[in-house]
Structure formats: structure tokens, C-alpha cells
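*Asks:* Below is a structure I'd like to ask you about.
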Amino acid sequence: MAKLKILEFPDARLRTKATPVETVDDALRALISDMFETMYAAPGIGLAATQVDVHKRLLITDVTPDKSEPHVLINPEILEKDGVTVSDEGCLSVPGYYEEVERAEHIRVRFLDRHGETQEMEAEGLLAVCIQHEMDHLEGKLFVDYQSEAKRQRIRKKLQKERRHQSAAVAM
Ligand code: ZN
């Protein structure tokens, strides 16, 4: 297993629309293992392949504090959604920012599991929010897109400034 590099806003690669996974094979399962290692280390509760620069329709989640409910969703499709929930969301690709986003409270989703079998799952609350957030990544969409352009600009500037400071700290 290996930890992968997570792309950070405003990296243009985060805007790529992912294409469907055609074969669920050992290479994909190796990527899934690496994604779990990366997500747990971050730490985070969800990760889309887009965030590690692989533009395939694949996402993982585990919203539990003890890593007990890992989910792998390949080629996910929302079949039904209802209700409205507003929660503070953060994103591993936009470190340090938490903003309110409105999502469906309950979803039913169809996907392939890591063995390539079709599955359906009901999700609500945090898990439903997380799946919708990760599915946005597969469309090249970020949670900051729900904020105003002025706010997005401020976040972009601040993150760029922090990255400059970070690199200055290690540069000789
Ligand atoms: Zn995210």
C-alpha cells in the first residue's frame, strides 16, 4: 500500500469529469487500498479518485471514528433522494475550510462493489452527505462552488499564500 498525493484547490485537475470504470480488477483494488490508506491518514471520511488524480468514477467513505464501515462505490448513481439537510462540510482538497452546504438528507444509490457486483444502498445523515460530496468530485465540482465567487476568491488567495509560506519554510 502507498499513500497518494491529494490534489488541492485551485488545481485545475480537480475540475476533470471522471469516466466510468470498465473493469473492476486487481489494479483497481490496489488503487482502492491506497485510497483508504490516504483517507485514513489525512484523516478524512471520504475520498474520490479525482482527488488523487485518477479520473475514474470511484469513491470511498468511512464516516465512523473507528474505521469500521468502509464503503467502496464504483460508478455510483443516485436512484432517489429526499429531504434537505444543511451541514458544515470540509474537504481534503480545500484544507482548513468548513462551509455550510445544503444536500439531500436521504439517498438511495446503486454502484459496483470492489468485486464488480452491483449493489444498492440507502444512506442518510453524514453518510448521505459524504457520498453526495464525493460524487460532486467525480463531476469536477467542489463544495466551495456552493459559496459565492467572492468567498471562493478569498479561499483561493489564502490557500495560495499558505502554500507559499510552507514552501519557504523548507526552501534553502
Ligand atoms: Zn472533498
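Convention: chains lettered A, B, ... in C-alpha cells order; per-chain residue numbering from 1; ligands numbered from 1 as shown.
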Residues within 9 Å of ligand 1 (only C-alpha atoms and all ligand atoms), as a list in words?
*Replies:*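 Counting only C-alpha atoms and all ligand atoms, the residues within 9 Å of ligand 1 come out as Gly46, Leu47, Ala48, Gln51, Glu89, Gly90, Cys91, Leu92, Ser93, Val94, Cys130, His133, Glu134, Asp136, His137, Leu142 and Phe143 of chain A.
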*Asks:* Find the residues near Leu7 of chain A: any atom within 8 Å, counting only C-alpha atoms, skip ones fewer than 3 places away on the same chain, and give them as a ChimeraX atom specification.
*Replies:* /A:11,13-14,51-53,93
*Asks:* Name all residues at most 9 Å from segment 111-120 of chain A (count only C-alpha atoms; drop same-chain ones fewer than 6 positions away) and give them as a CSV table (one decimal) with N, CA and C atoms, in the first residue's frame.
*Replies:*
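Full text of part_7.csv as output:
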```
chain,number,residue,atom,x,y,z
A,23,THR,N,-13.6,-2.1,-16.0
A,23,THR,CA,-13.2,-3.4,-15.4
A,23,THR,C,-12.8,-3.2,-13.9
A,24,VAL,N,-13.4,-4.0,-13.1
A,24,VAL,CA,-13.0,-4.0,-11.7
A,24,VAL,C,-12.0,-5.1,-11.5
A,25,ASP,N,-10.7,-4.7,-11.5
A,25,ASP,CA,-9.7,-5.8,-11.5
A,25,ASP,C,-8.7,-5.5,-10.3
A,28,LEU,N,-7.4,-2.0,-9.9
A,28,LEU,CA,-8.4,-1.1,-9.3
A,28,LEU,C,-8.4,-1.3,-7.8
A,29,ARG,N,-8.4,-2.6,-7.4
A,29,ARG,CA,-8.4,-2.9,-6.0
A,29,ARG,C,-7.2,-2.4,-5.3
A,32,ILE,N,-7.8,1.2,-4.7
A,32,ILE,CA,-8.8,1.3,-3.6
A,32,ILE,C,-8.0,1.2,-2.2
A,71,HIS,N,-16.8,1.9,2.8
A,71,HIS,CA,-17.6,1.7,1.7
A,71,HIS,C,-16.8,2.0,0.4
A,72,VAL,N,-17.0,1.2,-0.6
A,72,VAL,CA,-16.4,1.4,-1.9
A,72,VAL,C,-17.5,1.5,-2.9
A,73,LEU,N,-17.6,2.7,-3.6
A,73,LEU,CA,-18.7,2.9,-4.6
A,73,LEU,C,-18.0,3.1,-6.0
A,74,ILE,N,-18.3,2.2,-6.9
A,74,ILE,CA,-17.7,2.3,-8.2
A,74,ILE,C,-18.9,2.6,-9.2
A,75,ASN,N,-18.7,3.6,-10.0
A,75,ASN,CA,-19.8,4.0,-10.9
A,75,ASN,C,-21.1,4.3,-10.2
A,76,PRO,N,-21.1,5.1,-9.1
A,76,PRO,CA,-22.3,5.3,-8.3
A,76,PRO,C,-23.3,6.2,-9.1
A,77,GLU,N,-24.6,5.8,-8.8
A,77,GLU,CA,-25.7,6.5,-9.4
A,77,GLU,C,-26.7,6.7,-8.4
A,78,ILE,N,-27.2,8.0,-8.2
A,78,ILE,CA,-28.3,8.2,-7.2
A,78,ILE,C,-29.6,7.8,-7.8
```
*Asks:* Excluding Pro65 of chain A and any residue of its chain fewer than 2 positions from it, enumerate the residues within 12 Å of it, using only C-alpha atoms, and give them as a compact mmCIF listing (two decimals) with C-alpha atoms, in the first residue's frame.
*Replies:*
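Now in result36.txt:
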```txt
# COMPACT_ATOMS: atom_id res chain seq x y z
CA TYR A 40 -7.42 7.40 6.97
CA PRO A 43 -7.61 11.99 8.27
CA GLY A 44 -10.83 12.18 6.27
CA ILE A 45 -14.20 10.45 5.96
CA THR A 61 -16.08 6.61 2.51
CA ASP A 62 -15.90 5.68 6.15
CA VAL A 63 -17.75 8.09 8.41
CA LYS A 67 -12.74 2.79 10.68
CA SER A 68 -15.46 0.15 10.98
CA GLU A 69 -17.66 0.96 7.97
CA PRO A 70 -15.55 1.29 4.84
```
*Asks:* Running DSSP on the backbone, which parts of segment 24-142 of chain A land in strand (DSSP E), as a ChimeraX atom specification?
*Replies:* /A:46-48,58-61,71-82,85-91,94-103,106-112,118-124
*Asks:* Run DSSP on the backbone and give me the residues of segment 13-161 of chain A it puts in helix (DSSP H, G or I), as a CSV table (one decimal) with C-alpha atoms, in the first residue's frame.
*Replies:*
```
chain,number,residue,atom,x,y,z
A,13,ARG,CA,-7.2,18.7,-12.4
A,14,LEU,CA,-9.9,18.8,-9.7
A,15,ARG,CA,-12.2,20.1,-12.5
A,26,ASP,CA,-6.7,-6.2,-9.2
A,27,ALA,CA,-5.2,-2.9,-10.4
A,28,LEU,CA,-8.4,-1.1,-9.3
A,29,ARG,CA,-8.4,-2.9,-6.0
A,30,ALA,CA,-4.8,-1.8,-5.4
A,31,LEU,CA,-5.8,1.8,-6.0
A,32,ILE,CA,-8.8,1.3,-3.6
A,33,SER,CA,-6.4,0.1,-0.9
A,34,ASP,CA,-4.1,3.1,-1.5
A,35,MET,CA,-7.1,5.4,-1.3
A,36,PHE,CA,-8.1,4.0,2.1
A,37,GLU,CA,-4.6,4.4,3.4
A,38,THR,CA,-4.6,8.0,2.1
A,39,MET,CA,-8.0,8.9,3.5
A,40,TYR,CA,-7.4,7.4,7.0
A,41,ALA,CA,-4.0,9.1,7.2
A,49,ALA,CA,-10.5,9.1,-7.2
A,50,THR,CA,-10.5,12.6,-8.7
A,51,GLN,CA,-8.7,13.9,-5.6
A,52,VAL,CA,-5.7,11.6,-6.2
A,125,GLY,CA,-27.3,11.9,7.5
A,126,LEU,CA,-23.5,12.2,7.4
A,127,LEU,CA,-23.0,9.2,5.1
A,128,ALA,CA,-25.5,10.6,2.6
A,129,VAL,CA,-23.8,14.0,2.7
A,130,CYS,CA,-20.4,12.4,2.2
A,131,ILE,CA,-21.5,10.3,-0.8
A,132,GLN,CA,-23.0,13.4,-2.5
A,133,HIS,CA,-19.9,15.4,-1.7
A,134,GLU,CA,-17.7,12.7,-3.3
A,135,MET,CA,-20.0,12.3,-6.3
A,136,ASP,CA,-19.6,16.0,-6.9
A,137,HIS,CA,-15.8,15.5,-7.2
A,138,LEU,CA,-16.4,12.9,-9.9
A,143,PHE,CA,-18.0,22.2,-2.2
A,144,VAL,CA,-16.7,25.8,-2.5
A,145,ASP,CA,-18.7,26.1,-5.7
A,146,TYR,CA,-21.8,26.4,-3.5
A,149,GLU,CA,-17.5,33.8,-6.1
A,150,ALA,CA,-16.1,36.5,-3.7
A,151,LYS,CA,-15.8,33.9,-1.0
A,152,ARG,CA,-14.2,31.4,-3.3
A,153,GLN,CA,-11.6,34.0,-4.3
A,154,ARG,CA,-10.8,34.7,-0.7
A,155,ILE,CA,-10.3,30.9,0.0
A,156,ARG,CA,-8.1,30.6,-3.2
A,157,LYS,CA,-5.9,33.5,-2.2
A,158,LYS,CA,-5.5,32.4,1.4
A,159,LEU,CA,-4.6,28.8,0.4
A,160,GLN,CA,-2.0,30.1,-2.2
A,161,LYS,CA,-0.4,32.3,0.5
```
*Asks:* Between A:Met1, A:Glu124, A:His55, A:Glu22, single out the one closest to Gly140 of chain A, counting only C-alpha atoms.
*Replies:*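 Between A:Met1, A:Glu124, A:His55, A:Glu22, the residue approaching Gly140 of chain A most closely is A:His55.
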*Asks:* Pick out the closest residue to Leu58 of chain A from this set: A:Glu122, A:Pro20, A:Gln147, A:Glu102. Count only C-alpha atoms.
*Replies:*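 Using only C-alpha atoms, the shortest distance to Leu58 of chain A belongs to A:Pro20.
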*Asks:* Rounded to one decimal place, report the atom CA of Ser87 of chain A-atom CA of Arg57 of chain A distance in Å.
*Replies:*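 A separation of 24.6 Å between them.
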*Asks:* What does the distance from atom CA of Val86 of chain A to atom CA of Arg108 of chain A come to in Å, to one decimal?
*Replies:* 18.4 Å
